[in-house]
Amino acid sequence: MPESAQSAQSISCPSCAEPLEEGDKFCGVCGTDVTVPFPAAGAGLPGTGPSGNGSAAPGNGEYTDPFALAPPRSPAAVPAQTAPGRAAAGEGAPAAPQPAAEVTDPREELLAGPPPQGRTCVACGVGGVDADGYCEHCGHAQPRLRDHQERELEGVAAVSDRGLRHHRNEDAFAVAATSLPDGTPAIIAVVCDGVSSAYRPDDASAAAAAVGSEKLLDALEHGIAPEQAMHEALLAAAHAVAVLADEDDGRQGPHHNAPACTCVSAVAAGPVFTVGWIGDSRAYWVPDDRNTPSARLTEDDSWAARMVSAGLMSEAEAYADERAHAITGWLGADAVEIDPHTASFQPEGTGVVVVCTDGLWNYAESAAELAAVVPADARARPLHCAQTLGGVALDGGGHDNVTVAVLPFPATVGRAGSEPA
(Lines give C-alpha, C1' and ligand atoms only; values in the text may rest on other atoms or scores of the structure.)
Protein backbone atom coordinates (compact mmCIF):
# COMPACT_ATOMS: atom_id res chain seq x y z
CA MET A 1 0.00 0.00 0.00
CA PRO A 2 1.41 3.46 -0.86
CA GLU A 3 2.67 5.46 2.09
CA SER A 4 0.08 8.16 1.48
CA ALA A 5 -2.76 5.62 1.73
CA GLN A 6 -1.34 4.17 4.93
CA SER A 7 -1.10 7.62 6.46
CA ALA A 8 -4.69 8.39 5.52
CA GLN A 9 -5.83 5.10 6.99
CA SER A 10 -4.18 5.78 10.32
CA ILE A 11 -5.80 9.21 10.58
CA SER A 12 -9.21 9.21 8.90
CA CYS A 13 -11.39 7.56 6.28
CA PRO A 14 -10.42 8.72 2.77
CA SER A 15 -14.11 8.92 1.83
CA CYS A 16 -15.84 10.66 4.72
CA ALA A 17 -12.95 11.73 7.00
CA GLU A 18 -14.26 9.61 9.92
CA PRO A 19 -11.38 8.93 12.39
CA LEU A 20 -10.07 5.38 12.14
CA GLU A 21 -8.37 3.06 14.58
CA GLU A 22 -5.34 0.92 13.86
CA GLY A 23 -6.35 -2.32 12.20
CA ASP A 24 -9.70 -1.07 10.83
CA LYS A 25 -10.61 -2.67 7.50
CA PHE A 26 -13.83 -0.77 6.90
CA CYS A 27 -14.98 2.70 7.90
CA GLY A 28 -17.63 2.33 10.61
CA VAL A 29 -19.65 5.24 9.20
CA CYS A 30 -19.65 4.99 5.41
CA GLY A 31 -18.38 1.43 4.97
CA THR A 32 -15.41 2.24 2.73
CA ASP A 33 -12.77 -0.49 2.50
CA VAL A 34 -9.78 1.41 3.86
CA THR A 35 -7.31 -1.35 2.97
CA VAL A 36 -7.59 -0.41 -0.72
CA PRO A 37 -5.61 2.64 -1.99
CA PHE A 38 -8.02 5.50 -2.57
CA PRO A 39 -7.66 7.76 -5.63
CA ALA A 40 -6.07 11.15 -5.14
CA ALA A 41 -8.38 14.10 -4.73
CA GLY A 42 -10.06 14.99 -8.01
CA ALA A 43 -9.20 11.69 -9.70
CA GLY A 44 -12.22 9.62 -10.68
CA LEU A 45 -12.32 5.85 -10.36
CA PRO A 46 -11.94 3.95 -13.63
CA GLY A 47 -15.29 3.74 -15.39
CA THR A 48 -16.85 6.61 -13.37
CA GLY A 49 -16.52 10.35 -13.15
CA PRO A 50 -18.49 13.55 -13.51
CA SER A 51 -20.29 12.20 -16.57
CA GLY A 52 -20.63 8.61 -15.30
CA ASN A 53 -23.59 7.02 -13.52
CA GLY A 54 -21.79 6.47 -10.20
CA SER A 55 -23.22 8.14 -7.10
CA ALA A 56 -21.41 11.03 -5.45
CA ALA A 57 -18.63 10.08 -3.05
CA PRO A 58 -19.38 10.39 0.68
CA GLY A 59 -18.28 13.63 2.25
CA ASN A 60 -19.65 16.01 -0.38
CA GLY A 61 -22.83 16.81 1.53
CA GLU A 62 -25.08 14.45 -0.44
CA TYR A 63 -24.48 11.30 1.60
CA THR A 64 -26.52 11.64 4.76
CA ASP A 65 -27.38 8.28 6.30
CA PRO A 66 -24.83 5.46 5.98
CA PHE A 67 -27.12 3.01 7.74
CA ALA A 68 -30.29 3.62 5.72
CA LEU A 69 -31.37 0.50 3.88
CA ALA A 70 -31.29 2.23 0.51
CA PRO A 71 -30.18 0.72 -2.83
CA PRO A 72 -26.50 -0.34 -2.67
CA ARG A 73 -23.94 2.35 -3.35
CA SER A 74 -22.16 2.36 -6.69
CA PRO A 75 -18.41 1.64 -7.05
CA ALA A 76 -17.78 5.40 -7.00
CA ALA A 77 -19.01 5.53 -3.41
CA VAL A 78 -17.30 2.35 -2.21
CA PRO A 79 -14.23 0.70 -3.80
CA ALA A 80 -16.04 -2.64 -3.87
CA GLN A 81 -14.53 -5.91 -2.72
CA THR A 82 -16.24 -8.66 -4.67
CA ALA A 83 -16.20 -12.41 -4.54
CA PRO A 84 -12.79 -13.99 -5.35
CA GLY A 85 -12.09 -14.08 -9.07
CA ARG A 86 -14.67 -11.41 -9.85
CA ALA A 87 -13.85 -7.77 -10.59
CA ALA A 88 -16.19 -4.95 -9.68
CA ALA A 89 -17.50 -2.74 -12.47
CA GLY A 90 -14.98 -0.03 -13.23
CA GLU A 91 -12.01 -1.96 -11.77
CA GLY A 92 -9.27 -4.14 -13.25
CA ALA A 93 -8.49 -4.16 -16.99
CA PRO A 94 -10.12 -1.49 -19.19
CA ALA A 95 -13.59 -2.53 -20.23
CA ALA A 96 -14.29 -3.35 -23.85
CA PRO A 97 -16.25 -0.61 -25.64
CA GLN A 98 -19.64 -2.26 -25.17
CA PRO A 99 -22.73 -0.35 -24.17
CA ALA A 100 -24.30 -1.46 -20.86
CA ALA A 101 -21.07 -3.21 -19.85
CA GLU A 102 -21.05 -1.44 -16.47
CA VAL A 103 -22.91 -3.13 -13.63
CA THR A 104 -24.99 -0.67 -11.65
CA ASP A 105 -26.57 -3.10 -9.17
CA PRO A 106 -24.36 -5.56 -7.25
CA ARG A 107 -27.20 -8.08 -7.34
CA GLU A 108 -26.75 -8.38 -11.12
CA GLU A 109 -23.06 -9.14 -10.57
CA LEU A 110 -23.16 -11.53 -7.63
CA LEU A 111 -26.34 -13.49 -8.11
CA ALA A 112 -24.69 -15.38 -10.97
CA GLY A 113 -22.33 -16.99 -8.44
CA PRO A 114 -23.07 -19.11 -5.37
CA PRO A 115 -24.96 -17.32 -2.56
CA PRO A 116 -22.94 -16.31 0.51
CA GLN A 117 -22.88 -18.76 3.40
CA GLY A 118 -24.60 -17.69 6.62
CA ARG A 119 -26.07 -14.20 7.05
CA THR A 120 -26.72 -11.93 4.07
CA CYS A 121 -26.27 -8.15 4.24
CA VAL A 122 -29.49 -6.27 5.03
CA ALA A 123 -28.32 -3.31 2.93
CA CYS A 124 -27.12 -4.69 -0.42
CA GLY A 125 -28.80 -8.09 -0.09
CA VAL A 126 -25.94 -10.01 -1.68
CA GLY A 127 -22.82 -9.81 0.48
CA GLY A 128 -21.91 -12.14 3.30
CA VAL A 129 -21.37 -10.83 6.85
CA ASP A 130 -17.94 -11.14 8.46
CA ALA A 131 -17.14 -11.97 12.09
CA ASP A 132 -17.07 -8.26 13.00
CA GLY A 133 -20.64 -7.74 11.78
CA TYR A 134 -19.89 -5.90 8.51
CA CYS A 135 -20.92 -6.76 4.97
CA GLU A 136 -18.00 -8.19 3.01
CA HIS A 137 -19.29 -6.55 -0.18
CA CYS A 138 -20.59 -3.08 0.68
CA GLY A 139 -19.21 -2.59 4.19
CA HIS A 140 -22.51 -1.86 5.96
CA ALA A 141 -22.65 -2.57 9.69
CA GLN A 142 -25.31 -5.21 10.33
CA PRO A 143 -27.97 -5.29 13.07
CA ARG A 144 -27.40 -7.77 15.87
CA LEU A 145 -29.27 -11.04 15.49
CA ARG A 146 -31.24 -10.42 18.68
CA ASP A 147 -32.23 -6.83 17.85
CA HIS A 148 -35.46 -8.08 16.28
CA GLN A 149 -36.70 -11.66 16.18
CA GLU A 150 -39.95 -13.31 15.16
CA ARG A 151 -40.99 -16.95 15.46
CA GLU A 152 -44.20 -18.73 14.47
CA LEU A 153 -45.22 -22.33 14.91
CA GLU A 154 -48.64 -23.81 14.35
CA GLY A 155 -50.65 -22.39 17.24
CA VAL A 156 -48.10 -20.02 18.82
CA ALA A 157 -46.02 -17.00 17.82
CA ALA A 158 -43.65 -14.51 19.44
CA VAL A 159 -41.84 -11.26 18.66
CA SER A 160 -38.90 -9.64 20.45
CA ASP A 161 -37.41 -6.21 19.72
CA ARG A 162 -34.54 -4.15 21.13
CA GLY A 163 -36.77 -1.10 21.45
CA LEU A 164 -35.77 2.49 20.75
CA ARG A 165 -33.63 3.35 23.78
CA HIS A 166 -31.57 0.26 24.70
CA HIS A 167 -28.31 -0.52 22.89
CA ARG A 168 -29.04 -4.27 22.86
CA ASN A 169 -31.90 -6.72 23.36
CA GLU A 170 -31.68 -8.40 26.76
CA ASP A 171 -34.97 -10.31 26.37
CA ALA A 172 -35.26 -13.88 25.12
CA PHE A 173 -38.07 -16.31 24.38
CA ALA A 174 -38.84 -19.85 23.29
CA VAL A 175 -42.00 -21.24 21.69
CA ALA A 176 -42.78 -24.90 21.13
CA ALA A 177 -45.52 -27.36 20.26
CA THR A 178 -45.86 -30.95 21.40
CA SER A 179 -48.41 -33.56 22.49
CA LEU A 180 -49.24 -35.07 25.86
CA PRO A 181 -49.02 -38.88 26.24
CA ASP A 182 -52.75 -39.17 25.51
CA GLY A 183 -52.32 -37.29 22.22
CA THR A 184 -53.68 -33.95 23.45
CA PRO A 185 -51.90 -31.11 21.62
CA ALA A 186 -49.98 -28.66 23.78
CA ILE A 187 -48.26 -25.37 23.02
CA ILE A 188 -45.84 -23.48 25.24
CA ALA A 189 -44.20 -20.07 25.37
CA VAL A 190 -41.40 -18.94 27.68
CA VAL A 191 -40.53 -15.23 27.86
CA CYS A 192 -37.55 -13.91 29.86
CA ASP A 193 -36.42 -10.36 30.62
CA GLY A 194 -32.76 -9.78 31.52
CA VAL A 195 -32.18 -7.55 34.56
CA SER A 196 -30.22 -4.64 33.10
CA SER A 197 -28.46 -3.77 36.35
CA ALA A 198 -27.01 -7.29 36.50
CA TYR A 199 -23.96 -8.71 34.72
CA ARG A 200 -24.65 -10.47 31.37
CA PRO A 201 -28.46 -10.01 31.45
CA ASP A 202 -28.76 -11.11 27.82
CA ASP A 203 -27.03 -14.42 28.59
CA ALA A 204 -29.25 -14.89 31.65
CA SER A 205 -32.49 -14.52 29.67
CA ALA A 206 -31.24 -16.75 26.86
CA ALA A 207 -30.23 -19.52 29.28
CA ALA A 208 -33.52 -19.35 31.16
CA ALA A 209 -35.63 -19.47 27.99
CA ALA A 210 -33.71 -22.38 26.48
CA VAL A 211 -33.49 -24.55 29.61
CA GLY A 212 -36.96 -23.67 30.88
CA SER A 213 -38.66 -24.59 27.60
CA GLU A 214 -36.68 -27.83 27.26
CA LYS A 215 -37.55 -28.92 30.80
CA LEU A 216 -41.20 -27.97 30.33
CA LEU A 217 -41.51 -29.95 27.11
CA ASP A 218 -39.82 -33.00 28.61
CA ALA A 219 -42.06 -32.98 31.67
CA LEU A 220 -45.26 -32.61 29.65
CA GLU A 221 -44.29 -35.37 27.23
CA HIS A 222 -43.70 -37.69 30.20
CA GLY A 223 -47.19 -37.07 31.56
CA ILE A 224 -46.38 -34.69 34.41
CA ALA A 225 -49.30 -32.38 35.23
CA PRO A 226 -48.89 -28.88 33.72
CA GLU A 227 -48.60 -27.01 37.04
CA GLN A 228 -45.96 -29.41 38.36
CA ALA A 229 -44.17 -29.34 35.01
CA MET A 230 -44.20 -25.54 35.10
CA HIS A 231 -42.81 -25.47 38.65
CA GLU A 232 -39.96 -27.82 37.73
CA ALA A 233 -39.20 -25.86 34.55
CA LEU A 234 -38.88 -22.57 36.44
CA LEU A 235 -36.53 -24.16 38.97
CA ALA A 236 -34.42 -25.59 36.13
CA ALA A 237 -34.32 -22.18 34.46
CA ALA A 238 -33.27 -20.55 37.74
CA HIS A 239 -30.43 -23.06 38.12
CA ALA A 240 -29.26 -22.42 34.54
CA VAL A 241 -29.00 -18.70 35.28
CA ALA A 242 -27.31 -19.25 38.65
CA VAL A 243 -24.47 -21.32 37.16
CA LEU A 244 -23.59 -18.45 34.82
CA ALA A 245 -22.08 -16.68 37.84
CA ASP A 246 -19.69 -19.61 38.35
CA GLU A 247 -18.43 -19.40 34.77
CA ASP A 248 -16.91 -15.96 35.32
CA ASP A 249 -14.50 -16.95 38.11
CA GLY A 250 -14.78 -13.51 39.66
CA ARG A 251 -13.78 -11.71 36.47
CA GLN A 252 -16.82 -9.47 36.56
CA GLY A 253 -15.49 -7.80 39.70
CA PRO A 254 -17.17 -6.97 43.01
CA HIS A 255 -19.21 -4.10 41.53
CA HIS A 256 -21.27 -6.42 39.31
CA ASN A 257 -24.41 -8.28 40.28
CA ALA A 258 -24.71 -11.91 39.20
CA PRO A 259 -26.52 -12.59 35.89
CA ALA A 260 -30.27 -12.35 36.46
CA CYS A 261 -33.61 -12.27 34.66
CA THR A 262 -37.33 -12.63 35.16
CA CYS A 263 -39.47 -15.30 33.51
CA VAL A 264 -43.09 -15.93 32.58
CA SER A 265 -44.35 -19.00 30.74
CA ALA A 266 -47.61 -20.51 29.59
CA VAL A 267 -48.90 -23.93 28.51
CA ALA A 268 -52.15 -24.43 26.64
CA ALA A 269 -53.32 -28.05 26.57
CA GLY A 270 -56.87 -29.34 26.26
CA PRO A 271 -59.51 -27.26 28.07
CA VAL A 272 -56.97 -25.76 30.52
CA PHE A 273 -54.05 -23.38 30.28
CA THR A 274 -51.37 -22.90 32.93
CA VAL A 275 -49.06 -19.97 33.62
CA GLY A 276 -45.93 -19.77 35.75
CA TRP A 277 -43.68 -16.85 36.62
CA ILE A 278 -40.89 -15.36 38.71
CA GLY A 279 -40.48 -11.59 38.61
CA ASP A 280 -42.57 -8.93 36.89
CA SER A 281 -43.09 -10.33 33.40
CA ARG A 282 -46.81 -10.97 32.94
CA ALA A 283 -49.51 -13.14 31.39
CA TYR A 284 -52.97 -11.95 30.28
CA TRP A 285 -56.14 -13.63 29.04
CA VAL A 286 -57.97 -11.90 26.20
CA PRO A 287 -61.20 -13.61 25.06
CA ASP A 288 -62.44 -13.52 21.48
CA ASP A 289 -65.73 -12.13 22.76
CA ARG A 290 -64.68 -8.65 23.86
CA ASN A 291 -67.93 -8.29 25.78
CA THR A 292 -66.42 -10.84 28.18
CA PRO A 293 -63.88 -9.37 30.62
CA SER A 294 -60.19 -9.97 29.97
CA ALA A 295 -57.90 -10.72 32.92
CA ARG A 296 -54.37 -10.33 34.17
CA LEU A 297 -53.20 -13.78 35.27
CA THR A 298 -50.01 -12.98 37.21
CA GLU A 299 -49.00 -10.87 40.21
CA ASP A 300 -45.69 -9.03 39.99
CA ASP A 301 -42.77 -9.82 42.27
CA SER A 302 -42.12 -6.10 42.69
CA TRP A 303 -41.99 -3.31 45.24
CA ALA A 304 -45.23 -1.80 43.95
CA ALA A 305 -47.11 -5.10 44.19
CA ARG A 306 -45.92 -5.57 47.77
CA MET A 307 -47.09 -2.10 48.76
CA VAL A 308 -50.53 -2.76 47.28
CA SER A 309 -50.75 -6.25 48.81
CA ALA A 310 -49.87 -4.89 52.24
CA GLY A 311 -52.52 -2.17 51.92
CA LEU A 312 -49.91 0.57 52.29
CA MET A 313 -50.62 2.25 48.96
CA SER A 314 -53.23 2.22 46.24
CA GLU A 315 -52.23 0.62 42.93
CA ALA A 316 -52.10 4.03 41.24
CA GLU A 317 -49.88 5.44 43.99
CA ALA A 318 -47.57 2.44 44.05
CA TYR A 319 -46.96 2.32 40.30
CA ALA A 320 -46.41 6.09 40.18
CA ASP A 321 -43.54 5.73 42.66
CA GLU A 322 -39.98 5.62 41.26
CA ARG A 323 -39.43 2.36 43.15
CA ALA A 324 -42.41 0.65 41.50
CA HIS A 325 -40.42 -1.63 39.19
CA ALA A 326 -37.82 -2.74 41.72
CA ILE A 327 -38.25 -6.51 41.56
CA THR A 328 -38.41 -8.71 44.64
CA GLY A 329 -38.15 -12.03 42.82
CA TRP A 330 -35.82 -13.10 40.00
CA LEU A 331 -33.73 -15.93 38.60
CA GLY A 332 -30.04 -15.71 39.48
CA ALA A 333 -27.28 -16.75 41.87
CA ASP A 334 -27.99 -13.85 44.23
CA ALA A 335 -31.76 -14.39 44.41
CA VAL A 336 -32.75 -14.55 48.07
CA GLU A 337 -35.41 -17.19 47.44
CA ILE A 338 -36.58 -18.97 44.30
CA ASP A 339 -40.35 -19.15 44.64
CA PRO A 340 -42.06 -20.12 41.36
CA HIS A 341 -45.71 -19.11 41.06
CA THR A 342 -48.13 -21.24 39.04
CA ALA A 343 -51.84 -21.06 38.28
CA SER A 344 -54.25 -22.91 35.97
CA PHE A 345 -57.40 -21.59 34.29
CA GLN A 346 -60.34 -23.10 32.42
CA PRO A 347 -62.18 -20.31 30.58
CA GLU A 348 -65.57 -20.97 29.03
CA GLY A 349 -64.83 -19.39 25.68
CA THR A 350 -62.00 -19.08 23.19
CA GLY A 351 -59.29 -16.43 23.10
CA VAL A 352 -55.55 -15.88 23.41
CA VAL A 353 -53.04 -15.98 26.23
CA VAL A 354 -50.54 -13.12 25.98
CA VAL A 355 -47.22 -13.44 27.84
CA CYS A 356 -44.91 -10.44 27.79
CA THR A 357 -42.15 -8.42 29.41
CA ASP A 358 -42.71 -5.03 30.99
CA GLY A 359 -41.47 -3.49 27.76
CA LEU A 360 -45.04 -4.07 26.53
CA TRP A 361 -47.22 -3.83 29.61
CA ASN A 362 -45.74 -0.46 30.57
CA TYR A 363 -47.81 0.85 27.64
CA ALA A 364 -50.93 -1.27 28.26
CA GLU A 365 -50.88 -2.21 31.91
CA SER A 366 -54.41 -3.23 32.76
CA ALA A 367 -56.17 -6.19 31.18
CA ALA A 368 -58.70 -3.84 29.59
CA GLU A 369 -55.96 -1.65 28.10
CA LEU A 370 -54.18 -4.66 26.64
CA ALA A 371 -57.39 -6.16 25.25
CA ALA A 372 -58.13 -2.86 23.54
CA VAL A 373 -54.99 -3.19 21.36
CA VAL A 374 -55.20 -6.94 20.70
CA PRO A 375 -56.52 -7.46 17.14
CA ALA A 376 -59.93 -9.08 16.80
CA ASP A 377 -58.44 -11.95 14.77
CA ALA A 378 -55.63 -12.64 17.25
CA ARG A 379 -56.49 -16.32 17.69
CA ALA A 380 -56.40 -16.94 13.93
CA ARG A 381 -53.28 -14.80 13.36
CA PRO A 382 -51.05 -14.99 16.46
CA LEU A 383 -47.92 -13.65 14.71
CA HIS A 384 -49.79 -10.61 13.44
CA CYS A 385 -51.10 -10.08 16.97
CA ALA A 386 -47.58 -10.27 18.44
CA GLN A 387 -46.31 -7.86 15.80
CA THR A 388 -49.13 -5.45 16.54
CA LEU A 389 -48.47 -5.51 20.28
CA GLY A 390 -44.76 -4.97 19.72
CA GLY A 391 -45.68 -1.98 17.58
CA VAL A 392 -47.80 -0.57 20.41
CA ALA A 393 -44.72 -0.53 22.65
CA LEU A 394 -42.50 1.05 20.00
CA ASP A 395 -45.12 3.65 19.10
CA GLY A 396 -45.45 4.44 22.81
CA GLY A 397 -41.76 5.27 23.10
CA GLY A 398 -39.96 1.92 23.11
CA HIS A 399 -38.12 2.74 26.34
CA ASP A 400 -37.34 -0.94 27.04
CA ASN A 401 -36.78 -4.18 25.18
CA VAL A 402 -40.18 -5.63 24.29
CA THR A 403 -41.07 -9.31 23.95
CA VAL A 404 -44.53 -10.79 23.55
CA ALA A 405 -45.81 -14.29 22.79
CA VAL A 406 -49.39 -15.13 21.78
CA LEU A 407 -50.95 -18.56 22.40
CA PRO A 408 -54.35 -19.24 20.82
CA PHE A 409 -56.68 -21.16 23.15
CA PRO A 410 -57.72 -23.89 22.93
CA ALA A 411 -54.54 -25.27 21.40
CA THR A 412 -54.92 -26.42 17.80
CA VAL A 413 -51.38 -27.58 17.06
CA GLY A 414 -51.14 -30.71 14.94
CA ARG A 415 -47.39 -31.33 14.99
CA ALA A 416 -44.48 -31.03 17.40
CA GLY A 417 -41.67 -28.55 17.09
CA SER A 418 -39.77 -25.84 18.95
CA GLU A 419 -38.16 -22.48 18.25
CA PRO A 420 -35.95 -20.76 20.85
CA ALA A 421 -34.75 -17.18 20.34
# chains A, B, ... in the order shown; residues from 1 in each chain; ligands from 1
$ select_by_dssp --residues "range 298-353 of chain A" --states "strand (DSSP E or B)" --output "ChimeraX atom specification"
/A:302,327,331-332,341-345,351-353
$ select_by_dssp --residues "range 146-222 of chain A" --states "alpha helix (DSSP H)" --output "list in words"
Pro201, Asp202, Asp203, Ala204, Ser205, Ala206, Ala207, Ala208, Ala209, Ala210, Val211, Gly212, Ser213, Glu214, Lys215, Leu216, Leu217, Asp218, Ala219, Leu220 and Glu221 of chain A
$ write_last_selection --atoms "N, CA, C and O atoms" --output "tab-separated table (two decimals), in the first residue's frame"
chain	number	residue	atom	x	y	z
A	201	PRO	N	-27.01	-9.76	31.41
A	201	PRO	CA	-28.46	-10.01	31.45
A	201	PRO	C	-28.97	-10.72	30.20
A	201	PRO	O	-29.93	-11.49	30.27
A	202	ASP	N	-28.33	-10.45	29.04
A	202	ASP	CA	-28.76	-11.11	27.82
A	202	ASP	C	-28.47	-12.60	27.86
A	202	ASP	O	-29.27	-13.42	27.38
A	203	ASP	N	-27.33	-12.99	28.44
A	203	ASP	CA	-27.03	-14.42	28.59
A	203	ASP	C	-27.97	-15.09	29.58
A	203	ASP	O	-28.35	-16.25	29.42
A	204	ALA	N	-28.34	-14.34	30.64
A	204	ALA	CA	-29.25	-14.89	31.65
A	204	ALA	C	-30.61	-15.21	31.04
A	204	ALA	O	-31.16	-16.31	31.24
A	205	SER	N	-31.16	-14.28	30.26
A	205	SER	CA	-32.49	-14.52	29.67
A	205	SER	C	-32.44	-15.64	28.65
A	205	SER	O	-33.36	-16.46	28.57
A	206	ALA	N	-31.36	-15.70	27.87
A	206	ALA	CA	-31.24	-16.75	26.86
A	206	ALA	C	-31.15	-18.12	27.51
A	206	ALA	O	-31.78	-19.09	27.05
A	207	ALA	N	-30.36	-18.24	28.59
A	207	ALA	CA	-30.23	-19.52	29.28
A	207	ALA	C	-31.55	-19.95	29.90
A	207	ALA	O	-31.95	-21.12	29.82
A	208	ALA	N	-32.25	-19.01	30.51
A	208	ALA	CA	-33.52	-19.35	31.16
A	208	ALA	C	-34.56	-19.80	30.15
A	208	ALA	O	-35.30	-20.77	30.38
A	209	ALA	N	-34.64	-19.11	29.01
A	209	ALA	CA	-35.63	-19.47	27.99
A	209	ALA	C	-35.33	-20.85	27.40
A	209	ALA	O	-36.25	-21.67	27.23
A	210	ALA	N	-34.08	-21.11	27.11
A	210	ALA	CA	-33.71	-22.38	26.48
A	210	ALA	C	-33.91	-23.56	27.44
A	210	ALA	O	-34.55	-24.56	27.09
A	211	VAL	N	-33.39	-23.44	28.65
A	211	VAL	CA	-33.49	-24.55	29.61
A	211	VAL	C	-34.92	-24.70	30.12
A	211	VAL	O	-35.42	-25.83	30.26
A	212	GLY	N	-35.59	-23.59	30.39
A	212	GLY	CA	-36.96	-23.67	30.88
A	212	GLY	C	-37.90	-24.34	29.89
A	212	GLY	O	-38.72	-25.19	30.27
A	213	SER	N	-37.78	-23.99	28.60
A	213	SER	CA	-38.66	-24.59	27.60
A	213	SER	C	-38.34	-26.08	27.41
A	213	SER	O	-39.25	-26.90	27.25
A	214	GLU	N	-37.06	-26.42	27.42
A	214	GLU	CA	-36.68	-27.83	27.26
A	214	GLU	C	-37.20	-28.69	28.41
A	214	GLU	O	-37.74	-29.78	28.19
A	215	LYS	N	-37.07	-28.18	29.63
A	215	LYS	CA	-37.55	-28.92	30.80
A	215	LYS	C	-39.08	-29.02	30.78
A	215	LYS	O	-39.64	-30.08	31.12
A	216	LEU	N	-39.73	-27.96	30.38
A	216	LEU	CA	-41.20	-27.97	30.33
A	216	LEU	C	-41.71	-28.96	29.31
A	216	LEU	O	-42.64	-29.75	29.59
A	217	LEU	N	-41.11	-28.99	28.13
A	217	LEU	CA	-41.51	-29.95	27.11
A	217	LEU	C	-41.29	-31.39	27.58
A	217	LEU	O	-42.16	-32.25	27.41
A	218	ASP	N	-40.14	-31.65	28.16
A	218	ASP	CA	-39.82	-33.00	28.61
A	218	ASP	C	-40.81	-33.48	29.66
A	218	ASP	O	-41.28	-34.62	29.62
A	219	ALA	N	-41.13	-32.59	30.60
A	219	ALA	CA	-42.06	-32.98	31.67
A	219	ALA	C	-43.46	-33.25	31.12
A	219	ALA	O	-44.11	-34.24	31.49
A	220	LEU	N	-43.93	-32.41	30.22
A	220	LEU	CA	-45.26	-32.61	29.65
A	220	LEU	C	-45.34	-33.89	28.84
A	220	LEU	O	-46.32	-34.64	28.92
A	221	GLU	N	-44.30	-34.16	28.06
A	221	GLU	CA	-44.29	-35.37	27.23
A	221	GLU	C	-44.21	-36.65	28.05
A	221	GLU	O	-44.56	-37.73	27.57
$ closest_residue --among "A:Asp147, A:Asp358, A:Glu227, A:Glu369" --to "Val286 in chain A" --atoms "only C-alpha atoms"
A:Glu369
$ closest_residue --among "A:Val175, A:Ala320, A:Ala236, A:Leu407" --to "Thr274 in chain A" --atoms "only C-alpha atoms"
A:Leu407
$ residues_around --residues "Gly398 in chain A" --least-positions-apart "3" --cutoff "6 Å" --atoms "only C-alpha atoms" --output "number ranges by chain"
A: 163-164, 393-394
$ residues_around --residues "Ala380 in chain A" --least-positions-apart "3" --cutoff "12 Å" --atoms "only C-alpha atoms" --output "count of residues only"
22
$ closest_residue --among "A:Ala269, A:Val275, A:Val336, A:Tyr199" --to "Thr184 in chain A" --atoms "only C-alpha atoms"
A:Ala269
